[in-house]
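As stored in input_38.txt (compact mmCIF, C-alpha atoms):
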# COMPACT_ATOMS: atom_id res chain seq x y z
CA MET A 1 -48.35 21.76 32.11
CA PRO A 2 -47.50 18.70 29.98
CA VAL A 3 -48.43 16.24 32.74
CA GLU A 4 -51.80 17.94 33.26
CA MET A 5 -52.45 17.98 29.52
CA ALA A 6 -51.61 14.27 29.25
CA ARG A 7 -54.06 13.49 32.04
CA ARG A 8 -56.77 15.71 30.58
CA ASN A 9 -56.34 14.15 27.14
CA TYR A 10 -56.60 10.70 28.75
CA ILE A 11 -60.05 11.70 30.05
CA PHE A 12 -61.08 13.22 26.71
CA ASP A 13 -59.83 10.22 24.71
CA THR A 14 -61.62 7.76 27.00
CA ILE A 15 -64.95 9.60 26.80
CA ARG A 16 -64.63 10.27 23.06
CA GLN A 17 -63.99 6.60 22.33
CA VAL A 18 -67.11 5.56 24.27
CA PHE A 19 -69.19 8.16 22.43
CA LYS A 20 -67.95 6.74 19.14
CA THR A 21 -68.82 3.16 20.07
CA PHE A 22 -72.40 4.33 20.68
CA ALA A 23 -72.45 5.90 17.17
CA PHE A 24 -72.41 9.58 18.17
CA GLU A 25 -71.01 12.12 15.70
CA PRO A 26 -68.81 15.12 16.60
CA ILE A 27 -69.80 18.76 16.20
CA GLU A 28 -68.59 22.11 17.59
CA THR A 29 -70.40 25.34 18.34
CA PRO A 30 -68.98 28.86 18.86
CA SER A 31 -67.74 30.09 22.23
CA LEU A 32 -69.88 33.22 21.79
CA GLU A 33 -73.64 33.03 21.43
CA ASN A 34 -76.27 35.76 21.20
CA LEU A 35 -77.51 36.57 24.70
CA SER A 36 -81.05 36.07 23.38
CA THR A 37 -80.04 32.42 22.81
CA LEU A 38 -78.71 31.98 26.35
CA MET A 39 -80.91 34.09 28.63
CA GLY A 40 -83.89 32.45 30.33
CA LYS A 41 -82.78 28.85 29.66
CA TYR A 42 -80.90 28.18 32.91
CA GLY A 43 -83.21 29.67 35.52
CA GLU A 44 -82.73 32.79 37.58
CA GLU A 45 -79.51 31.51 39.16
CA GLY A 46 -78.03 30.53 35.79
CA ASP A 47 -78.78 33.90 34.19
CA LYS A 48 -76.73 35.57 36.94
CA LEU A 49 -73.73 33.39 36.04
CA LEU A 50 -73.65 34.24 32.33
CA PHE A 51 -70.52 36.05 31.17
CA LYS A 52 -71.76 38.96 29.04
CA VAL A 53 -69.38 40.33 26.40
CA LEU A 54 -69.28 44.04 25.57
CA ASN A 55 -70.17 44.98 22.02
CA SER A 56 -67.28 46.11 19.86
CA GLY A 57 -67.04 49.51 18.20
CA ASP A 58 -68.72 52.76 19.27
CA PHE A 59 -71.46 50.98 21.20
CA MET A 60 -71.65 53.35 24.17
CA LYS A 61 -72.55 56.59 22.43
CA ASP A 62 -76.32 56.20 22.96
CA VAL A 63 -76.28 54.51 26.36
CA ASP A 64 -78.06 56.26 29.22
CA PHE A 65 -76.15 55.19 32.33
CA GLY A 66 -78.85 56.63 34.54
CA GLN A 67 -80.86 53.45 33.92
CA ASP A 68 -80.84 50.31 35.98
CA TYR A 69 -77.95 47.97 35.06
CA HIS A 70 -80.29 45.24 33.82
CA LYS A 71 -81.81 47.74 31.38
CA VAL A 72 -78.39 48.97 30.26
CA ALA A 73 -76.82 45.55 29.77
CA PRO A 74 -78.83 44.57 26.66
CA GLN A 75 -77.75 47.82 25.00
CA ILE A 76 -74.03 47.20 25.51
CA CYS A 77 -73.89 43.37 25.55
CA GLU A 78 -75.52 41.43 22.74
CA ARG A 79 -73.42 38.28 23.16
CA GLY A 80 -72.17 36.06 25.93
CA LEU A 81 -69.87 33.11 26.55
CA ARG A 82 -71.75 29.83 26.40
CA TYR A 83 -72.95 28.55 29.79
CA ASP A 84 -73.34 24.96 28.63
CA LEU A 85 -73.31 22.96 25.38
CA THR A 86 -76.99 21.92 25.28
CA VAL A 87 -78.68 25.24 24.48
CA PRO A 88 -76.16 26.05 21.70
CA PHE A 89 -76.76 22.51 20.41
CA ALA A 90 -80.51 23.17 20.18
CA ARG A 91 -79.77 26.36 18.24
CA PHE A 92 -77.39 24.37 16.02
CA VAL A 93 -80.07 21.75 15.28
CA VAL A 94 -82.56 24.39 14.18
CA GLN A 95 -79.96 26.17 12.05
CA HIS A 96 -78.89 22.94 10.31
CA ARG A 97 -82.24 21.10 10.29
CA ASP A 98 -82.01 20.48 6.52
CA GLN A 99 -78.47 19.08 6.75
CA ILE A 100 -78.84 16.51 9.54
CA THR A 101 -80.74 13.23 9.74
CA PHE A 102 -83.11 12.65 12.65
CA PRO A 103 -82.81 11.13 15.15
CA PHE A 104 -79.46 12.90 15.37
CA ARG A 105 -76.75 11.76 17.78
CA ARG A 106 -73.97 14.24 18.49
CA TYR A 107 -71.06 14.54 20.87
CA GLN A 108 -69.13 17.66 21.78
CA LEU A 109 -66.02 18.28 23.92
CA GLN A 110 -65.57 22.02 24.49
CA PRO A 111 -65.10 24.57 27.27
CA VAL A 112 -67.94 26.54 28.88
CA TRP A 113 -67.88 29.56 31.19
CA ARG A 114 -69.74 30.59 34.33
CA ALA A 115 -69.25 33.73 36.40
CA ASP A 116 -69.03 31.72 39.60
CA ARG A 117 -66.80 31.93 42.68
CA PRO A 118 -63.91 29.52 41.96
CA GLN A 119 -63.38 26.76 44.53
CA LYS A 120 -62.72 23.02 44.58
CA GLY A 121 -64.85 21.41 41.88
CA ARG A 122 -66.25 24.75 40.69
CA TYR A 123 -64.55 26.79 37.97
CA ARG A 124 -65.14 29.81 35.76
CA GLU A 125 -63.85 27.97 32.71
CA PHE A 126 -64.19 24.20 32.43
CA TYR A 127 -64.70 21.47 29.87
CA GLN A 128 -67.92 19.58 29.27
CA CYS A 129 -68.12 16.36 27.26
CA ASP A 130 -71.69 16.07 25.99
CA ALA A 131 -73.63 13.41 24.12
CA ASP A 132 -77.23 14.01 22.99
CA MET A 133 -79.87 12.26 20.92
CA ILE A 134 -82.54 14.52 19.41
CA GLY A 135 -85.60 13.67 17.37
CA SER A 136 -86.74 10.62 19.37
CA THR A 137 -88.86 10.14 22.50
CA SER A 138 -87.84 6.51 23.06
CA LEU A 139 -86.67 5.71 26.58
CA LEU A 140 -84.07 3.40 25.03
CA ASN A 141 -82.10 6.62 24.57
CA GLU A 142 -82.10 7.19 28.35
CA LEU A 143 -80.93 3.60 28.84
CA GLU A 144 -78.01 4.17 26.45
CA LEU A 145 -76.98 7.23 28.43
CA VAL A 146 -76.85 5.12 31.60
CA GLN A 147 -74.85 2.48 29.74
CA MET A 148 -72.38 5.11 28.49
CA ILE A 149 -71.97 6.47 32.00
CA ASP A 150 -71.28 2.94 33.20
CA VAL A 151 -68.67 2.22 30.50
CA VAL A 152 -66.86 5.57 30.83
CA PHE A 153 -66.40 5.30 34.59
CA GLN A 154 -65.44 1.63 34.40
CA ARG A 155 -62.66 2.59 32.00
CA LEU A 156 -61.59 5.46 34.24
CA ALA A 157 -61.72 3.18 37.32
CA ILE A 158 -64.12 5.45 39.24
CA ARG A 159 -66.88 3.80 41.29
CA THR A 160 -70.09 5.76 40.78
CA CYS A 161 -73.74 6.02 41.72
CA VAL A 162 -76.19 7.18 39.03
CA LYS A 163 -79.14 9.04 40.53
CA ILE A 164 -82.29 9.24 38.40
CA ASN A 165 -85.56 11.16 38.72
CA ASN A 166 -88.16 12.64 36.37
CA ARG A 167 -89.25 16.26 36.15
CA LYS A 168 -92.84 15.10 35.60
CA VAL A 169 -92.71 13.56 39.08
CA LEU A 170 -91.55 16.90 40.47
CA ALA A 171 -94.31 18.67 38.53
CA GLY A 172 -96.78 16.17 39.99
CA ILE A 173 -95.53 16.91 43.50
CA ALA A 174 -95.93 20.66 42.89
CA GLU A 175 -99.48 20.10 41.64
CA LEU A 176 -100.27 17.81 44.55
CA ILE A 177 -99.37 20.46 47.15
CA GLY A 178 -101.27 23.17 45.25
CA ALA A 179 -98.19 24.94 43.91
CA ALA A 180 -98.14 23.92 40.24
CA ASP A 181 -97.20 27.47 39.26
CA ARG A 182 -94.16 27.34 41.58
CA ILE A 183 -92.43 24.35 39.97
CA VAL A 184 -89.34 26.43 39.10
CA ASP A 185 -89.01 27.70 42.67
CA ILE A 186 -89.45 24.17 44.03
CA THR A 187 -86.86 22.58 41.72
CA VAL A 188 -84.30 25.37 42.28
CA ALA A 189 -84.60 24.91 46.07
CA ILE A 190 -84.64 21.10 46.04
CA ASP A 191 -81.61 21.09 43.74
CA LYS A 192 -79.60 22.56 46.64
CA LEU A 193 -80.52 19.79 49.07
CA ASP A 194 -77.07 18.15 49.06
CA LYS A 195 -75.35 21.51 49.53
CA ILE A 196 -77.48 23.23 52.18
CA GLY A 197 -79.51 20.46 53.87
CA LEU A 198 -83.25 19.85 54.27
CA ASP A 199 -83.92 22.56 56.87
CA ASN A 200 -82.36 25.24 54.67
CA VAL A 201 -84.30 23.95 51.65
CA ARG A 202 -87.51 24.30 53.67
CA ALA A 203 -86.50 27.85 54.61
CA GLU A 204 -85.76 28.75 51.00
CA LEU A 205 -89.09 27.34 49.83
CA ALA A 206 -90.81 29.53 52.41
CA GLU A 207 -88.82 32.56 51.22
CA ARG A 208 -89.93 31.78 47.67
CA GLY A 209 -93.57 32.07 48.70
CA LEU A 210 -94.70 28.55 49.57
CA THR A 211 -96.93 28.29 52.63
CA ALA A 212 -95.87 26.29 55.69
CA GLN A 213 -98.55 23.73 54.82
CA GLN A 214 -97.21 23.34 51.27
CA VAL A 215 -93.63 22.94 52.51
CA ALA A 216 -94.72 20.35 55.08
CA ALA A 217 -96.59 18.45 52.35
CA LEU A 218 -93.24 17.76 50.67
CA ASP A 219 -91.89 15.82 53.67
CA PRO A 220 -93.58 12.48 52.83
CA VAL A 221 -91.94 12.56 49.41
CA PHE A 222 -88.51 13.32 50.91
CA ALA A 223 -89.06 10.46 53.36
CA LEU A 224 -89.91 7.75 50.79
CA ALA A 225 -87.47 4.84 51.12
CA GLY A 226 -86.89 1.41 49.63
CA THR A 227 -86.07 0.13 46.16
CA ALA A 228 -86.94 2.01 43.00
CA ALA A 229 -89.94 -0.30 42.48
CA GLU A 230 -91.19 0.31 46.05
CA LYS A 231 -90.87 4.09 45.69
CA LEU A 232 -92.70 4.01 42.36
CA ASP A 233 -95.50 1.90 43.85
CA ALA A 234 -95.87 4.47 46.64
CA LEU A 235 -95.92 7.32 44.12
CA ASP A 236 -98.66 5.55 42.15
CA SER A 237 -100.89 5.88 45.20
CA ILE A 238 -99.80 9.45 45.94
CA PHE A 239 -100.51 10.52 42.34
CA ALA A 240 -103.89 8.82 42.06
CA SER A 241 -105.45 12.07 40.81
CA VAL A 242 -102.36 13.79 39.33
CA GLU A 243 -101.92 12.92 35.65
CA VAL A 244 -98.50 14.48 35.09
CA GLY A 245 -97.14 12.68 38.15
CA ARG A 246 -98.46 9.33 36.88
CA GLN A 247 -96.76 9.96 33.51
CA GLY A 248 -93.45 10.50 35.28
CA VAL A 249 -93.89 7.31 37.31
CA ALA A 250 -94.69 5.31 34.15
CA GLU A 251 -91.58 6.62 32.40
CA LEU A 252 -89.38 5.83 35.39
CA ARG A 253 -90.85 2.34 35.68
CA GLU A 254 -90.08 1.65 32.00
CA LEU A 255 -86.56 3.06 32.27
CA PHE A 256 -85.69 1.09 35.41
CA GLY A 257 -87.01 -2.03 33.67
CA TYR A 258 -84.53 -1.47 30.84
CA ILE A 259 -81.75 -0.84 33.33
CA ALA A 260 -82.53 -4.10 35.14
CA ASP A 261 -82.21 -5.94 31.81
CA ALA A 262 -78.91 -4.19 30.97
CA GLN A 263 -77.37 -4.87 34.41
CA PRO A 264 -74.81 -2.04 34.54
CA GLN A 265 -71.95 -2.40 37.03
CA CYS A 266 -72.46 1.08 38.52
CA GLN A 267 -74.99 1.71 41.27
CA VAL A 268 -78.30 3.11 39.98
CA GLU A 269 -80.92 4.56 42.31
CA LEU A 270 -84.16 6.50 42.13
CA ASP A 271 -83.66 9.80 43.97
CA LEU A 272 -86.91 11.73 44.27
CA THR A 273 -85.07 14.78 45.63
CA LEU A 274 -82.97 15.08 42.45
CA ALA A 275 -84.16 18.21 40.64
CA ARG A 276 -81.45 19.51 38.27
CA GLY A 277 -81.85 23.29 38.36
CA LEU A 278 -81.87 23.92 34.60
CA ASN A 279 -85.27 25.08 33.37
CA TYR A 280 -85.30 23.19 30.09
CA TYR A 281 -85.56 19.64 31.49
CA THR A 282 -89.00 18.01 31.09
CA GLY A 283 -88.53 14.25 31.64
CA ALA A 284 -85.88 11.90 33.02
CA ILE A 285 -82.97 13.60 34.79
CA PHE A 286 -79.61 12.10 35.77
CA GLU A 287 -76.78 12.93 38.13
CA VAL A 288 -73.62 10.91 38.80
CA LYS A 289 -71.64 10.97 42.04
CA ALA A 290 -68.23 9.44 42.72
CA LEU A 291 -68.50 7.00 45.62
CA ASP A 292 -64.95 7.27 46.96
CA VAL A 293 -64.35 11.05 46.76
CA GLN A 294 -66.29 13.94 48.28
CA MET A 295 -67.21 15.89 45.15
CA GLY A 296 -70.27 17.38 43.50
CA SER A 297 -71.82 15.66 40.51
CA ILE A 298 -69.29 14.58 37.87
CA CYS A 299 -71.89 13.91 35.18
CA GLY A 300 -75.50 14.95 34.67
CA GLY A 301 -78.24 15.43 32.13
CA GLY A 302 -81.81 14.75 31.19
CA ARG A 303 -84.61 15.00 28.66
CA TYR A 304 -85.81 18.26 27.14
CA ASP A 305 -88.97 18.08 25.04
CA ASN A 306 -89.13 21.46 23.35
CA LEU A 307 -85.80 23.25 23.64
CA THR A 308 -85.61 23.69 19.85
CA GLY A 309 -89.08 25.28 19.95
CA ILE A 310 -87.50 28.40 21.44
CA PHE A 311 -85.62 28.78 18.15
CA GLY A 312 -88.59 28.09 15.86
CA MET A 313 -88.64 24.28 15.60
CA PRO A 314 -91.28 22.96 18.06
CA ASP A 315 -92.05 19.42 19.19
CA VAL A 316 -88.55 17.95 18.82
CA SER A 317 -87.55 15.97 21.90
CA GLY A 318 -83.98 15.39 22.94
CA VAL A 319 -82.04 13.81 25.79
CA GLY A 320 -78.39 14.02 26.74
CA ILE A 321 -75.67 13.88 29.35
CA SER A 322 -72.62 15.96 30.14
CA PHE A 323 -69.41 14.66 31.70
CA GLY A 324 -67.56 17.31 33.73
CA ALA A 325 -63.98 16.71 32.63
CA ASP A 326 -62.41 18.98 35.25
CA ARG A 327 -64.25 17.41 38.18
CA ILE A 328 -63.38 13.95 36.81
CA TYR A 329 -59.75 15.14 36.71
CA ASP A 330 -60.00 16.14 40.38
CA VAL A 331 -61.52 12.78 41.33
CA LEU A 332 -58.83 10.80 39.48
CA THR A 333 -56.13 12.96 41.10
CA GLU A 334 -57.51 12.36 44.59
CA LEU A 335 -57.79 8.62 43.90
CA ASP A 336 -54.32 8.57 42.32
CA ALA A 337 -55.97 6.60 39.51
CA PHE A 338 -54.28 8.04 36.40
CA PRO A 339 -52.19 5.45 34.50
CA ALA A 340 -48.52 5.79 35.47
CA ASP A 341 -47.25 5.97 31.89
CA LEU A 342 -49.29 9.11 31.07
CA ASN A 343 -46.34 11.20 32.27
CA ARG A 344 -44.05 9.56 29.74
CA SER A 345 -43.26 11.65 26.65
CA ALA A 346 -41.01 9.04 25.00
CA LYS A 347 -40.55 5.30 25.20
CA ALA A 348 -36.85 5.48 24.36
CA MET A 349 -34.02 8.03 24.05
CA PHE A 350 -30.90 7.78 21.89
CA ILE A 351 -27.66 8.71 23.67
CA ASN A 352 -25.69 11.25 21.62
CA PHE A 353 -22.04 10.21 21.13
CA GLY A 354 -21.14 12.61 18.31
CA PRO A 355 -21.79 13.58 14.66
CA ALA A 356 -21.33 10.14 13.07
CA GLU A 357 -23.46 8.41 15.70
CA GLN A 358 -26.13 11.14 15.42
CA ARG A 359 -26.60 10.36 11.73
CA ALA A 360 -27.07 6.67 12.51
CA CYS A 361 -29.55 7.53 15.26
CA VAL A 362 -31.59 9.75 12.92
CA ALA A 363 -32.19 6.87 10.50
CA ILE A 364 -33.14 4.38 13.22
CA ALA A 365 -35.35 6.93 15.01
CA ALA A 366 -37.26 7.51 11.76
CA ARG A 367 -37.96 3.76 11.50
CA LEU A 368 -39.15 3.58 15.11
CA ARG A 369 -41.46 6.59 14.70
CA ALA A 370 -42.90 5.06 11.53
CA GLU A 371 -43.97 2.16 13.74
CA GLY A 372 -45.69 4.53 16.17
CA ILE A 373 -42.97 4.39 18.84
CA ALA A 374 -42.26 7.72 20.54
CA VAL A 375 -38.48 8.31 20.66
CA LEU A 376 -36.11 11.24 20.93
CA ILE A 377 -32.43 11.83 20.27
CA TYR A 378 -30.61 13.82 22.94
CA PRO A 379 -29.75 16.92 20.93
CA ASP A 380 -26.29 17.69 22.33
CA GLN A 381 -23.06 15.72 22.67
CA ALA A 382 -23.09 16.07 26.45
CA LYS A 383 -21.55 13.97 29.19
CA MET A 384 -23.13 10.55 29.60
CA LYS A 385 -24.25 11.30 33.18
CA LYS A 386 -26.14 14.42 32.05
CA GLN A 387 -27.92 12.51 29.30
CA MET A 388 -28.84 9.61 31.59
CA ASP A 389 -30.07 12.02 34.28
CA PHE A 390 -32.32 13.65 31.68
CA ALA A 391 -33.80 10.26 30.74
CA ASN A 392 -34.45 9.49 34.42
CA ARG A 393 -36.12 12.85 35.09
CA LYS A 394 -38.38 12.37 32.07
CA ALA A 395 -39.22 8.80 33.18
CA ILE A 396 -38.09 7.41 29.82
CA PRO A 397 -38.03 3.60 30.28
CA PHE A 398 -35.31 2.78 27.69
CA VAL A 399 -32.14 4.38 26.35
CA ILE A 400 -30.48 3.29 23.11
CA PHE A 401 -26.72 3.33 22.52
CA ILE A 402 -25.47 3.57 18.93
CA GLY A 403 -21.67 3.65 19.08
CA GLU A 404 -18.92 2.71 16.64
CA SER A 405 -19.32 -1.05 17.15
CA GLU A 406 -23.12 -0.87 16.77
CA ILE A 407 -22.77 1.11 13.53
CA ALA A 408 -20.26 -1.41 12.21
CA ASN A 409 -22.46 -4.41 13.12
CA GLY A 410 -25.87 -2.93 12.27
CA THR A 411 -27.02 -3.34 15.84
CA ALA A 412 -28.18 -1.24 18.81
CA THR A 413 -27.69 -1.62 22.54
CA LEU A 414 -30.88 -1.19 24.56
CA LYS A 415 -30.81 -0.40 28.28
CA ASP A 416 -33.86 -0.95 30.47
CA MET A 417 -33.80 2.02 32.88
CA VAL A 418 -35.83 0.14 35.51
CA SER A 419 -33.93 -3.15 35.69
CA GLY A 420 -30.57 -1.82 34.44
CA ASN A 421 -30.25 -4.72 31.95
CA GLN A 422 -28.51 -4.03 28.63
CA THR A 423 -28.94 -6.08 25.44
CA THR A 424 -27.34 -5.66 22.03
CA MET A 425 -29.59 -6.69 19.15
CA PRO A 426 -30.21 -6.14 15.41
CA ILE A 427 -32.27 -3.06 14.51
CA ASP A 428 -35.29 -5.14 13.40
CA GLN A 429 -35.26 -6.89 16.77
CA LEU A 430 -35.00 -3.51 18.54
CA ILE A 431 -38.12 -2.29 16.75
CA ALA A 432 -40.05 -5.46 17.56
CA HIS A 433 -38.93 -5.33 21.22
CA LEU A 434 -40.01 -1.71 21.74
CA LYS A 435 -43.34 -2.35 20.02

Take the structure in the file and give it back as structure tokens.
Amino acid sequence: MPVEMARRNYIFDTIRQVFKTFAFEPIETPSLENLSTLMGKYGEEGDKLLFKVLNSGDFMKDVDFGQDYHKVAPQICERGLRYDLTVPFARFVVQHRDQITFPFRRYQLQPVWRADRPQKGRYREFYQCDADMIGSTSLLNELELVQMIDVVFQRLAIRTCVKINNRKVLAGIAELIGAADRIVDITVAIDKLDKIGLDNVRAELAERGLTAQQVAALDPVFALAGTAAEKLDALDSIFASVEVGRQGVAELRELFGYIADAQPQCQVELDLTLARGLNYYTGAIFEVKALDVQMGSICGGGRYDNLTGIFGMPDVSGVGISFGADRIYDVLTELDAFPADLNRSAKAMFINFGPAEQRACVAIAARLRAEGIAVLIYPDQAKMKKQMDFANRKAIPFVIFIGESEIANGTATLKDMVSGNQTTMPIDQLIAHLK
């Protein structure tokens, strides 16, 4: 509906403008990708949510339907709808490596699809607004992502908390408890902590093959409290003999130092239970929660060190974030925080008195539109009450009367629909007033 589109475009325009001020460039990628591009990048859970698209043409003539579905699917589905924008971006970078300059900063606002069960805050088709830097390992990039998050949600008037962790810390924890080979299982389970609670996470870890002793060894990490600096000091001791864990702590310490210098207005906290279920993350990870609305994450992202390597271009590190436009829409709706004038299609409407007056209105309307002022002429010579009712229903703040006397004097009469005041003025003054 027009109102919904106006609100959605308000979100897109706000995010796009922030991306531009941080010098990101726009790209687009196709809705359809080869399944070989998508499969195996999002973890076991993500692979189940991929929409697979049947091949066109006479693709079924050689299919043996006696096979297991998972063996049949690759024969009849070679493509799928994109699950996110990051994996297609990595494929894009490799494809266009000779046409882009590294480090490359791109933004992208496009829909993605997931074969999920629709519910509040979870959709089968939804928009992501991504910004990524690729070709640089500097943690200044992570800082800029936090700064962009801060600016976007300030402009949208949403109070937020940015949660940060590092996948190297999680890898260190897995190594510490003797389950380095189960890092995927651990992160997938921990990622559900907010949704299913600690006891259910423990149960899932046990189901995934961790021993009771290994699961219990995670409790001290879950229990760590205090400031980011205090948690990192504690982790330094815990990871005394775990190199990958110490690397993660060092990166987090540097990043939080930058954040302290930048002093963002949003809350920023170190959350050691933050896991981000996507398999391709290797370093810092981010998740943003709205403070005043019960909703899942409205923004998230992280660093991926070798995603392009899957497509033949190894050792290219990238980092990015994704704003969930549809969840942001839901938050703004619940907070009633959309600007009131978004519903307004026109600033002024010309009342239609008849053929001669119409011609005068056409000329003045053209001048107003040339100045960027949205106006419309009521198309029919209807009763005044009907025309005024239309202006009220459309929340148009001004109506303009061009009658015989106005034509003769080169003037217009402007009525403020809120106050009811009417003023007759020269056309130049009308234009200046509406601007």

Q: Find the spatial neighbours of Gly245 of chain A, counting all atoms listed in the file, within a cut-off of 12 Å - ignore same-chain residues fewer than 5 positions away - and output them as a list in words.
A: Asn165, Asn166, Arg167, Lys168, Val169, Leu170, Ala171, Gly172, Ile173, Ala174, Glu175, Leu176, Ala180, Leu232, Ala234, Leu235, Asp236, Ser237, Ile238, Phe239, Ala240, Ala250, Glu251, Leu252, Leu272 and Gly283 of chain A

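Relative to atom CA of Glu142 of chain A, atom CA of Glu44 of chain A is found at 27.2 Å.
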
(Q) What's around Val94 of chain A at 9 Å? Count all atoms listed in the file, leave out sequence neighbours fewer than 2 positions away in its own chain, and write the answer as a PyMOL selection string. (A) chain A and resi 89-92+96-98+308-309+311-313

So that I can check the surroundings of Gln267 of chain A, please list as a PDB file with C-alpha atoms, in the coordinates of the input every protein, DNA and RNA residue that reaches within 7 Å of it, counting all atoms listed in the file and ignoring chain neighbours fewer than 6 positions away.
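Dumped everything to out.pdb:
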ATOM      1  CA  THR A 160     -70.090   5.760  40.780  1.00  0.00           C
ATOM      2  CA  CYS A 161     -73.740   6.020  41.720  1.00  0.00           C
ATOM      3  CA  VAL A 162     -76.190   7.180  39.030  1.00  0.00           C
TER       4      VAL A 162
END

Residue neighbourhood Ala395 of chain A, 10 Å, all atoms listed in the file, exclusion window fewer than 5 positions, as a PDB file with C-alpha atoms, keeping the file's coordinate frame:
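Output file around.pdb follows:
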ATOM      1  CA  ASP A 341     -47.250   5.970  31.890  1.00  0.00           C
ATOM      2  CA  ASN A 343     -46.340  11.200  32.270  1.00  0.00           C
ATOM      3  CA  ARG A 344     -44.050   9.560  29.740  1.00  0.00           C
ATOM      4  CA  SER A 345     -43.260  11.650  26.650  1.00  0.00           C
ATOM      5  CA  ALA A 346     -41.010   9.040  25.000  1.00  0.00           C
ATOM      6  CA  LYS A 347     -40.550   5.300  25.200  1.00  0.00           C
ATOM      7  CA  ALA A 348     -36.850   5.480  24.360  1.00  0.00           C
ATOM      8  CA  ASP A 389     -30.070  12.020  34.280  1.00  0.00           C
ATOM      9  CA  PHE A 390     -32.320  13.650  31.680  1.00  0.00           C
ATOM     10  CA  MET A 417     -33.800   2.020  32.880  1.00  0.00           C
ATOM     11  CA  VAL A 418     -35.830   0.140  35.510  1.00  0.00           C
TER      12      VAL A 418
END
